[in-house]
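Structure first, commentary second.
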Amino acid sequence: MNGLDFEKDIVELEKKIRELKTFSSNKKIDLSSELKCLEDKLQQKRKDTYGNLTAWQRVQIARHPQRPYMLDYVNLIMTDFIELHGDRAFADDKAMVAGFATLDNQKVLIIGQQKGRDTKENLKRNFGCAHPEGYRKALRLMQLAEKFELPIVIFIDTPGAYPGIGAEERGQAQAIALNLREMTTVATPIVATVIGEGGSGGALGIGIADKVNVLENAYYSVISPEGCAAILWKSGTKAPDAAEVLKLTAEDLLGMGIIDEIVPEPLGGAHRDPQKMAQTLKELILRQLKELKSEKKEGLLETRYKKFRKIGAFA
């Protein structure tokens, strides 16, 4: 398990426990009391560390290279996934994955950004940064789901929409703006969850939903901490300060009424126990879809519209 800077003591203890278990097994020596002492110390260290995380530390966990990505959750909690491709105008964006699947005997449309595990896959997926054709593909399939009365499940995980010249030439801003408008009118239940990074318009372009959730160690922000630090302090070293100022953690977002629920993660982050994280996420999505299915279409759309109109309005 790769450790982050603030996890060094935890990683070192985990290494010592593994070595002691191996030594005990190889030498046939009973070291159970020593092991228990170390494991108790490790458990307490985990509680102390992960119970008092800063905003910047949560950003680091959200970016952890072993954190489950969109397709990991699809494989863990869904069946019969059929990926659909293309925006019918330019190309198929590999950073934006979409298709139909079965979630607990219920047909759903799945949409989300997908990152890569290695350099080759990251280049293929463009590091989870979608082009305008990705947002157009997402909208095309959302409207298809509406036609067949299928609920939509969205997994958000992107540093932001791709800012390259080609993307801008093909209408990146217009594609995202169109999604913002049109998603308010898609007459079928939509549940969106930020599973890692929720960066700027790249996240918001598929984030207009009836229920918006954020994993405990994920973040959702108008700009990355590094970008904010570069603008305000002219220095990327101020990213930890920017993370605090931006109020981008799940707890901050819930307090401001921007999201509906915080999804608890296993101690240490989703990558520590992907199976448990996936099951928690599955139960949440099923519960929210059940709640939304009981609403009439007109009421669903009216509630969704009001939900986003009231954000940022203070009496």
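Identifiers for the structure tokens are assigned positionally: chains receive A, B, ... in sequence, residues are indexed from 1 per chain, and ligands are indexed from 1 in the order shown.
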**Request:** as an MDAnalysis selection string, list the residues of stretch 134-285 of chain A assigned to strand (DSSP E or B) by DSSP on the backbone atoms of this structure.
**Result:** chainID A and resid 152:158 190:199 211:215 219:221 249 261:263
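Summary of the local environment: counting only C-alpha atoms, residues at most 8 Å from A:Leu139, other than itself and those fewer than 4 positions away along its chain, are Tyr135, Gln143, Asn179, Glu182 and Met183 of chain A.
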**Request:** List every residue of stretch 199-282 of chain A that DSSP, applied to the backbone, labels as helix (DSSP H, G or I), and write the result as a ChimeraX atom specification.
**Result:** /A:200-204,225-232,236-246,250-255,270-272,274-282
**Nearby residues (only C-alpha atoms) at most 8 Å from A:Ala55, same-chain spacing under 6 positions excluded, as a PyMOL selection string** = chain A and resi 240+243-244+247-249
Tell me, as a PDB file with N, CA and C atoms, in the first residue's frame, which residues lie within 12 Å of stretch 25-37 of chain A, counting only C-alpha atoms; anything in the same chain fewer than 6 positions away does not count.
ATOM      1  N   LEU A  13       4.404   1.156  10.706  1.00  0.00           N
ATOM      2  CA  LEU A  13       3.847   0.160  11.639  1.00  0.00           C
ATOM      3  C   LEU A  13       3.296  -1.052  10.891  1.00  0.00           C
ATOM      4  N   GLU A  14       2.609  -0.801   9.794  1.00  0.00           N
ATOM      5  CA  GLU A  14       2.069  -1.905   8.988  1.00  0.00           C
ATOM      6  C   GLU A  14       3.195  -2.798   8.468  1.00  0.00           C
ATOM      7  N   LYS A  15       4.290  -2.182   8.078  1.00  0.00           N
ATOM      8  CA  LYS A  15       5.446  -2.936   7.586  1.00  0.00           C
ATOM      9  C   LYS A  15       6.047  -3.792   8.697  1.00  0.00           C
ATOM     10  N   LYS A  16       6.170  -3.212   9.897  1.00  0.00           N
ATOM     11  CA  LYS A  16       6.716  -3.959  11.029  1.00  0.00           C
ATOM     12  C   LYS A  16       5.846  -5.159  11.372  1.00  0.00           C
ATOM     13  N   ILE A  17       4.530  -4.981  11.332  1.00  0.00           N
ATOM     14  CA  ILE A  17       3.603  -6.085  11.652  1.00  0.00           C
ATOM     15  C   ILE A  17       3.728  -7.199  10.627  1.00  0.00           C
ATOM     16  N   ARG A  18       3.820  -6.833   9.352  1.00  0.00           N
ATOM     17  CA  ARG A  18       3.990  -7.862   8.306  1.00  0.00           C
ATOM     18  C   ARG A  18       5.290  -8.628   8.491  1.00  0.00           C
ATOM     19  N   GLU A  19       6.365  -7.911   8.783  1.00  0.00           N
ATOM     20  CA  GLU A  19       7.661  -8.556   8.973  1.00  0.00           C
ATOM     21  C   GLU A  19       7.651  -9.477  10.184  1.00  0.00           C
ATOM     22  N   GLN A  43      -3.956   0.600  15.302  1.00  0.00           N
ATOM     23  CA  GLN A  43      -5.352   0.992  15.263  1.00  0.00           C
ATOM     24  C   GLN A  43      -5.560   2.378  15.874  1.00  0.00           C
ATOM     25  N   GLN A  44      -4.881   2.635  16.983  1.00  0.00           N
ATOM     26  CA  GLN A  44      -4.999   3.935  17.635  1.00  0.00           C
ATOM     27  C   GLN A  44      -4.386   5.025  16.772  1.00  0.00           C
TER      28      GLN A  44
END
